[in-house]
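Shown below: start12.csv, with CSV, C-alpha atoms.
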```
chain,number,residue,atom,x,y,z
M,268,ALA,CA,155.1,22.3,-80.0
M,269,ASN,CA,157.0,22.1,-83.2
M,270,ARG,CA,159.0,25.3,-82.5
M,271,PHE,CA,159.6,24.0,-79.0
M,272,SER,CA,161.0,20.8,-80.5
M,273,ALA,CA,163.2,22.9,-82.7
M,274,ILE,CA,164.5,24.8,-79.7
M,275,VAL,CA,165.4,21.6,-78.0
M,276,SER,CA,167.2,20.3,-81.0
M,277,LEU,CA,169.2,23.5,-81.2
M,278,LEU,CA,170.2,23.4,-77.6
M,279,GLN,CA,171.4,19.8,-78.1
M,280,SER,CA,173.4,20.6,-81.2
M,281,VAL,CA,175.0,23.6,-79.7
M,282,MET,CA,176.2,21.7,-76.7
M,283,GLN,CA,177.5,18.8,-78.8
M,284,LYS,CA,179.4,21.3,-81.0
M,285,LEU,CA,181.0,23.0,-77.9
M,286,LEU,CA,182.2,19.6,-76.5
M,287,GLY,CA,184.4,19.3,-79.6
M,288,PRO,CA,185.1,16.6,-82.1
M,289,ASP,CA,187.1,14.6,-79.6
M,290,ARG,CA,183.8,13.9,-77.8
M,291,ALA,CA,181.8,12.9,-80.8
M,292,ASN,CA,181.2,9.5,-79.3
M,293,TRP,CA,179.3,11.1,-76.4
M,294,GLY,CA,175.5,11.4,-76.7
M,295,THR,CA,174.1,14.8,-75.8
M,296,ARG,CA,170.4,15.2,-75.0
M,297,VAL,CA,168.2,17.8,-73.5
M,298,VAL,CA,165.9,15.8,-71.2
M,299,ARG,CA,164.0,18.5,-69.4
M,300,VAL,CA,163.1,22.2,-70.1
M,301,GLY,CA,161.5,23.7,-67.1
M,302,SER,CA,158.8,21.2,-66.0
M,303,ILE,CA,158.6,19.6,-69.5
M,304,ASN,CA,160.2,16.2,-70.1
M,305,ALA,CA,161.7,16.8,-73.5
M,306,ARG,CA,161.5,13.1,-74.2
M,307,ARG,CA,157.7,13.1,-73.9
M,308,LEU,CA,156.6,16.5,-75.3
M,309,SER,CA,153.0,17.6,-74.4
M,310,ILE,CA,151.5,20.4,-76.3
M,311,PHE,CA,149.6,21.5,-73.2
M,312,GLU,CA,152.8,21.6,-71.1
M,313,VAL,CA,154.6,23.6,-73.9
M,314,ALA,CA,151.8,26.2,-74.0
M,315,GLU,CA,151.9,26.5,-70.2
M,316,LEU,CA,155.7,27.0,-70.2
M,317,LEU,CA,155.6,29.6,-73.0
M,318,ALA,CA,152.8,31.5,-71.3
M,319,GLY,CA,155.0,32.0,-68.2
M,320,ALA,CA,158.3,32.3,-69.9
M,321,ASP,CA,158.6,36.1,-69.5
M,322,GLU,CA,158.6,35.9,-65.7
M,323,ASP,CA,160.2,32.5,-65.0
M,324,VAL,CA,163.8,31.3,-65.0
M,325,VAL,CA,163.7,28.1,-67.2
M,326,GLU,CA,166.1,25.4,-66.2
M,327,VAL,CA,167.5,23.2,-68.9
M,328,GLU,CA,168.7,19.7,-68.0
M,329,TYR,CA,171.2,18.0,-70.2
M,330,GLU,CA,172.2,14.3,-70.2
M,331,PHE,CA,175.5,13.1,-71.4
M,332,THR,CA,176.0,9.4,-72.1
M,333,ASN,CA,178.7,7.2,-73.4
M,334,SER,CA,179.2,3.4,-73.6
M,335,ARG,CA,182.2,1.2,-73.9
M,336,GLU,CA,182.8,-2.5,-74.1
M,337,CYS,CA,185.0,-4.4,-71.6
M,338,TYR,CA,186.8,-7.5,-72.9
M,339,SER,CA,188.7,-8.6,-69.7
M,340,ASP,CA,187.9,-12.0,-68.2
M,341,ASP,CA,186.2,-10.3,-65.2
M,342,GLY,CA,184.1,-7.8,-67.2
M,343,CYS,CA,184.3,-4.1,-66.5
M,344,ASN,CA,186.7,-4.1,-63.5
M,345,GLU,CA,187.3,-1.3,-61.1
M,346,VAL,CA,190.1,0.2,-63.1
M,347,GLU,CA,188.0,0.4,-66.2
M,348,GLN,CA,185.1,1.9,-64.3
M,349,ALA,CA,187.3,4.5,-62.7
M,350,ALA,CA,188.6,5.5,-66.2
M,351,ALA,CA,185.0,5.9,-67.4
M,352,VAL,CA,184.2,8.1,-64.4
M,353,GLU,CA,187.3,10.2,-65.1
M,354,GLU,CA,186.2,10.7,-68.7
M,355,GLY,CA,182.8,11.8,-67.5
M,356,LEU,CA,184.2,14.3,-65.2
M,357,GLU,CA,186.3,15.8,-68.0
M,358,VAL,CA,183.1,16.2,-70.1
M,359,LEU,CA,181.3,18.0,-67.2
M,360,ALA,CA,184.3,20.2,-66.7
M,361,THR,CA,184.0,21.3,-70.4
M,362,VAL,CA,180.3,22.0,-69.8
M,363,GLU,CA,181.1,24.2,-66.9
M,364,THR,CA,183.7,26.1,-68.9
M,365,VAL,CA,181.5,26.8,-71.9
M,366,VAL,CA,178.8,28.1,-69.5
M,367,THR,CA,180.9,30.3,-67.3
M,368,THR,CA,182.9,31.8,-70.2
M,369,GLY,CA,179.7,32.7,-72.1
M,370,GLN,CA,180.4,30.4,-75.1
M,371,LEU,CA,177.2,28.5,-74.7
M,372,GLN,CA,175.1,31.7,-74.5
M,373,GLN,CA,176.7,33.3,-77.6
M,374,THR,CA,176.6,30.1,-79.7
M,375,ILE,CA,172.9,29.6,-78.9
M,376,ILE,CA,172.2,33.2,-80.1
M,377,ASP,CA,174.3,32.8,-83.2
M,378,ASP,CA,172.8,29.4,-84.2
M,379,ALA,CA,169.2,30.6,-83.3
M,380,ASP,CA,169.5,33.3,-85.9
M,381,SER,CA,170.5,30.9,-88.7
M,382,ALA,CA,167.8,28.5,-87.6
M,383,GLY,CA,165.0,31.1,-87.6
M,384,LEU,CA,164.5,31.0,-83.8
M,385,SER,CA,165.8,34.5,-83.0
M,386,GLU,CA,162.4,35.6,-81.7
M,387,GLU,CA,162.6,33.0,-78.9
M,388,LEU,CA,166.3,32.9,-78.2
M,389,SER,CA,167.9,36.2,-79.3
M,390,SER,CA,167.8,37.5,-75.7
M,391,VAL,CA,168.6,34.3,-74.0
M,392,GLU,CA,170.9,34.5,-70.9
M,393,VAL,CA,172.7,31.4,-69.6
M,394,GLY,CA,173.2,31.7,-65.9
M,395,GLU,CA,174.8,29.2,-63.5
M,396,VAL,CA,175.4,25.5,-64.1
M,397,THR,CA,175.2,22.6,-61.7
M,398,VAL,CA,176.7,19.2,-62.5
M,399,SER,CA,176.0,15.8,-61.0
M,400,THR,CA,178.5,13.1,-60.3
M,401,PRO,CA,178.8,10.7,-63.2
M,402,GLU,CA,177.0,7.4,-62.7
M,403,ILE,CA,178.3,4.0,-64.0
M,404,GLU,CA,175.9,1.3,-65.1
M,405,VAL,CA,177.4,-2.1,-65.9
M,406,ILE,CA,175.3,-4.1,-68.2
M,407,ASP,CA,176.2,-7.8,-68.5
M,408,THR,CA,175.6,-9.2,-72.0
M,409,THR,CA,176.0,-12.7,-73.3
M,410,PRO,CA,178.7,-12.7,-76.0
M,411,TYR,CA,178.0,-14.3,-79.3
M,412,PRO,CA,179.4,-17.8,-79.4
M,413,SER,CA,182.7,-18.2,-81.2
M,414,ILE,CA,182.2,-19.6,-84.7
M,415,TYR,CA,184.3,-22.6,-85.2
M,416,LYS,CA,184.2,-25.8,-87.1
M,417,THR,CA,184.0,-28.9,-85.0
M,418,PRO,CA,186.2,-31.4,-86.6
M,419,ALA,CA,184.5,-34.6,-87.7
M,420,PRO,CA,185.2,-37.4,-85.2
M,421,VAL,CA,188.1,-39.5,-86.3
M,422,VAL,CA,187.0,-43.1,-86.5
M,423,PRO,CA,189.9,-45.4,-86.2
M,424,THR,CA,190.1,-47.8,-89.1
M,425,SER,CA,192.3,-50.8,-89.8
M,426,SER,CA,193.1,-52.6,-92.9
M,427,PRO,CA,190.8,-55.5,-93.6
M,428,THR,CA,192.2,-58.8,-92.3
M,429,TYR,CA,192.2,-61.9,-94.2
M,430,ASP,CA,192.8,-65.5,-93.3
M,431,CYS,CA,196.4,-65.9,-94.3
M,432,GLU,CA,197.2,-69.6,-94.7
M,433,ASP,CA,199.0,-71.7,-97.2
M,434,SER,CA,196.9,-73.2,-99.9
M,435,PRO,CA,196.1,-76.9,-99.2
M,436,LEU,CA,195.9,-77.5,-103.0
M,437,ARG,CA,198.6,-78.9,-105.2
M,438,PHE,CA,199.8,-76.3,-107.7
M,439,LYS,CA,202.1,-76.2,-110.6
M,440,VAL,CA,205.3,-74.1,-110.6
M,441,MET,CA,208.1,-73.6,-113.2
M,442,LYS,CA,211.5,-74.8,-111.8
M,443,ASP,CA,214.7,-75.2,-113.8
M,444,GLY,CA,212.7,-74.9,-117.0
M,445,LYS,CA,210.2,-77.7,-116.0
M,446,LEU,CA,206.6,-77.4,-114.9
M,447,ILE,CA,206.2,-79.5,-111.8
M,448,SER,CA,203.3,-80.1,-109.3
M,449,ARG,CA,204.0,-79.4,-105.7
M,450,TYR,CA,202.4,-78.5,-102.3
M,451,CYS,CA,203.4,-75.7,-99.9
M,452,SER,CA,205.1,-78.3,-97.7
M,453,TRP,CA,207.6,-78.7,-100.5
M,454,VAL,CA,208.2,-74.9,-100.3
M,455,ARG,CA,208.9,-74.9,-96.6
M,456,VAL,CA,211.8,-77.4,-97.0
M,457,LYS,CA,213.8,-74.7,-98.8
M,458,ARG,CA,211.7,-71.6,-98.4
M,459,ASN,CA,214.5,-69.1,-98.8
M,460,SER,CA,215.1,-70.1,-102.4
M,461,ARG,CA,211.7,-71.6,-103.3
M,462,CYS,CA,209.7,-68.6,-102.1
M,463,LYS,CA,211.4,-66.6,-104.8
M,464,LEU,CA,209.9,-68.7,-107.6
M,465,PRO,CA,207.1,-66.9,-109.5
M,466,GLY,CA,203.7,-67.2,-107.8
M,467,ILE,CA,204.9,-69.2,-104.7
M,468,ARG,CA,204.6,-66.3,-102.2
M,469,GLU,CA,200.9,-65.8,-103.1
M,470,GLN,CA,200.2,-69.6,-103.1
M,471,CYS,CA,202.1,-70.2,-99.8
M,472,PRO,CA,202.0,-66.9,-98.0
M,473,GLN,CA,202.3,-68.4,-94.5
M,474,SER,CA,205.4,-70.5,-95.5
M,475,CYS,CA,207.0,-67.4,-97.2
M,476,TRP,CA,206.2,-65.0,-94.3
M,477,ARG,CA,203.9,-63.0,-96.5
M,478,CYS,CA,200.7,-62.9,-94.3
M,479,ARG,CA,200.8,-59.1,-94.0
M,480,ASN,CA,200.6,-58.7,-97.8
M,481,CYS,CA,198.3,-61.4,-99.0
M,482,ALA,CA,197.2,-61.5,-102.6
M,483,ASP,CA,195.6,-63.9,-105.0
M,484,SER,CA,198.0,-66.6,-106.3
M,485,THR,CA,199.0,-66.3,-109.9
M,486,LEU,CA,199.4,-70.0,-110.2
M,487,ARG,CA,196.9,-72.6,-111.4
M,488,PHE,CA,195.8,-75.1,-108.9
M,489,LYS,CA,193.7,-78.3,-108.8
M,490,ILE,CA,190.1,-78.3,-107.6
M,491,LEU,CA,187.5,-81.1,-107.4
M,492,ASN,CA,184.5,-79.9,-109.3
M,493,LYS,CA,181.5,-82.4,-109.3
M,494,GLY,CA,183.9,-85.2,-108.7
M,495,ILE,CA,186.3,-84.1,-111.5
M,496,GLU,CA,189.7,-82.7,-110.9
M,497,GLN,CA,190.2,-79.5,-112.8
M,498,MET,CA,193.0,-76.9,-113.0
M,499,ARG,CA,191.8,-73.4,-112.2
M,500,SER,CA,193.2,-70.0,-111.2
M,501,CYS,CA,192.1,-67.2,-108.8
M,502,GLU,CA,191.0,-65.2,-111.8
M,503,TRP,CA,188.5,-68.0,-112.5
M,504,VAL,CA,187.3,-67.9,-108.9
M,505,GLY,CA,186.6,-64.2,-109.0
M,506,ARG,CA,184.9,-64.2,-112.4
M,507,ARG,CA,181.5,-65.3,-111.2
M,508,ASP,CA,179.8,-67.4,-108.5
M,509,THR,CA,182.8,-66.4,-106.3
M,510,VAL,CA,181.3,-67.5,-103.0
M,511,ALA,CA,180.5,-71.0,-104.4
M,512,ARG,CA,183.8,-71.4,-106.1
M,513,CYS,CA,185.7,-70.3,-103.0
M,514,THR,CA,184.1,-73.3,-101.2
M,515,MET,CA,185.8,-75.6,-103.7
M,516,ILE,CA,189.3,-74.6,-102.6
M,517,GLU,CA,188.8,-74.5,-98.9
```

Go ahead and render the structure in this file as structure tokens.
Amino acid sequence: ANRFSAIVSLLQSVMQKLLGPDRANWGTRVVRVGSINARRLSIFEVAELLAGADEDVVEVEYEFTNSRECYSDDGCNEVEQAAAVEEGLEVLATVETVVTTGQLQQTIIDDADSAGLSEELSSVEVGEVTVSTPEIEVIDTTPYPSIYKTPAPVVPTSSPTYDCEDSPLRFKVMKDGKLISRYCSWVRVKRNSRCKLPGIREQCPQSCWRCRNCADSTLRFKILNKGIEQMRSCEWVGRRDTVARCTMIE
């Protein structure tokens, strides 16, 4: 059985060699020798074949296979299948040529000598060859999914909104070198000039059309803390107990 396997391997390698380097992508297999399936060798079948080898003509069946991938939207279309059949016919034409010209027979004898199989193959004669029409089998496969990053969802955000109103408290402002106490109502009388005074836009944002850019006032203002009027600033409000202190200036 081991020598029979060696013979099968030699027959395969010889045929692959004769197909040429341009057909290296084609698979060449000996699938049957006489009644023996070369893919499932049985020692009893081999013994039976060798016992009658002197008087029988042994048929050797080759199988040639190739595969290709189709990337068109409709898979392997008729044009691509026809091209595959044409390529298969060219391979079979080469097989017929190497048999009828004696190349296959001579190469088997030459390679058998170097492989130590001259006893079995030195007098081999290759007769006629019969080829079958190539068959096409289309195998549908599920392609691997494309690898891509799904962008994180964009969550629309908006700038925080604040109540933008003039302070109801009386505040002190420097005007003409003097520190005076005023309300935002005083600013609205001449807002074009008075809104330019330091700290007025923050103290009276609504009167000065600054509601889109609100900020803490830099001016000191009066609050009523436990019944006592006190002058304080926004910095004092934010220092500690901010929530409680904010209620004093509402």

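Distances here use all atoms listed in the file; by that measure, the residue among M:Cys431, M:Leu384, M:Leu359, M:Ala511 closest to M:Trp293 is M:Leu359.
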
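Here atom CA of M:Val362 is placed at a distance of 26.9 Å from atom CA of M:Asn269.
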
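Taking all atoms listed in the file into account, M:Glu469 lies nearest to M:Cys501 out of the set M:Cys501, M:Val396, M:Ile495, M:Val456.
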
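Residues with any atom within 6 Å of M:Val297, counting all atoms listed in the file and excluding same-chain neighbours fewer than 3 positions away, are Gln279, Glu328 and Tyr329 of chain M.
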
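Distances here use only C-alpha atoms; by that measure, the residue among M:Asp433, M:Phe331, M:Leu464, M:Gly394 closest to M:Thr368 is M:Gly394.
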
Pick from M:Ser484, M:Gln283, M:Thr332, M:Asn492, whichever lies nearest to M:Glu404 using all atoms listed in the file: M:Thr332

M:Ile516, M:Ala291, M:Leu285, M:Val298 ranked by distance to M:Glu496, top pick (using only C-alpha atoms): M:Ile516

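Compared by their closest atoms to M:Met498, and using only C-alpha atoms, the residues M:Val300, M:Val358, M:Leu486, M:Cys462 rank with M:Leu486 nearest.
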
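If you look at atom CA of M:Tyr450 and atom CA of M:Gln470, they are 9.2 Å away from each other.
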
If we draw a sphere of 12 Å around (181.4, 25.8, -67.0), which residues have at least one atom in it when counting only C-alpha atoms? Please report them as a PDB file with C-alpha atoms, in the coordinates of the input.
```pdb
ATOM      1  CA  MET M 282     176.200  21.700 -76.700  1.00  0.00           C
ATOM      2  CA  LEU M 285     181.000  23.000 -77.900  1.00  0.00           C
ATOM      3  CA  LEU M 286     182.200  19.600 -76.500  1.00  0.00           C
ATOM      4  CA  LEU M 356     184.200  14.300 -65.200  1.00  0.00           C
ATOM      5  CA  GLU M 357     186.300  15.800 -68.000  1.00  0.00           C
ATOM      6  CA  VAL M 358     183.100  16.200 -70.100  1.00  0.00           C
ATOM      7  CA  LEU M 359     181.300  18.000 -67.200  1.00  0.00           C
ATOM      8  CA  ALA M 360     184.300  20.200 -66.700  1.00  0.00           C
ATOM      9  CA  THR M 361     184.000  21.300 -70.400  1.00  0.00           C
ATOM     10  CA  VAL M 362     180.300  22.000 -69.800  1.00  0.00           C
ATOM     11  CA  GLU M 363     181.100  24.200 -66.900  1.00  0.00           C
ATOM     12  CA  THR M 364     183.700  26.100 -68.900  1.00  0.00           C
ATOM     13  CA  VAL M 365     181.500  26.800 -71.900  1.00  0.00           C
ATOM     14  CA  VAL M 366     178.800  28.100 -69.500  1.00  0.00           C
ATOM     15  CA  THR M 367     180.900  30.300 -67.300  1.00  0.00           C
ATOM     16  CA  THR M 368     182.900  31.800 -70.200  1.00  0.00           C
ATOM     17  CA  GLY M 369     179.700  32.700 -72.100  1.00  0.00           C
ATOM     18  CA  GLN M 370     180.400  30.400 -75.100  1.00  0.00           C
ATOM     19  CA  LEU M 371     177.200  28.500 -74.700  1.00  0.00           C
ATOM     20  CA  GLN M 372     175.100  31.700 -74.500  1.00  0.00           C
ATOM     21  CA  VAL M 393     172.700  31.400 -69.600  1.00  0.00           C
ATOM     22  CA  GLY M 394     173.200  31.700 -65.900  1.00  0.00           C
ATOM     23  CA  GLU M 395     174.800  29.200 -63.500  1.00  0.00           C
ATOM     24  CA  VAL M 396     175.400  25.500 -64.100  1.00  0.00           C
ATOM     25  CA  THR M 397     175.200  22.600 -61.700  1.00  0.00           C
ATOM     26  CA  VAL M 398     176.700  19.200 -62.500  1.00  0.00           C
TER      27      VAL M 398
END
```

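Take atom CA of M:Asp380 and atom CA of M:Pro288: the distance between them is 23.2 Å.
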
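For M:Val352, the residues within 8 Å (counting only C-alpha atoms, excluding itself and residues fewer than 4 positions away along the chain) are Gln348, Leu356, Pro401, Glu402 and Ile403 of chain M.
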
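Within 10 Å of the file-frame point (208.4, -68.6, -101.1), and using all atoms listed in the file, the polymer residues found are Cys451, Val454, Arg455, Lys457, Arg458, Asn459, Ser460, Arg461, Cys462, Lys463, Leu464, Pro465, Gly466, Ile467, Arg468, Glu469, Gln470, Cys471, Pro472, Gln473, Ser474, Cys475, Trp476 and Arg477 of chain M.
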
Residues near M:Ala273, cut-off 12 Å, only C-alpha atoms, skip fewer than 4 positions along chain, as a ChimeraX atom specification: /M:268-269,277-280,297,305,308,378-379,382-385,387-388
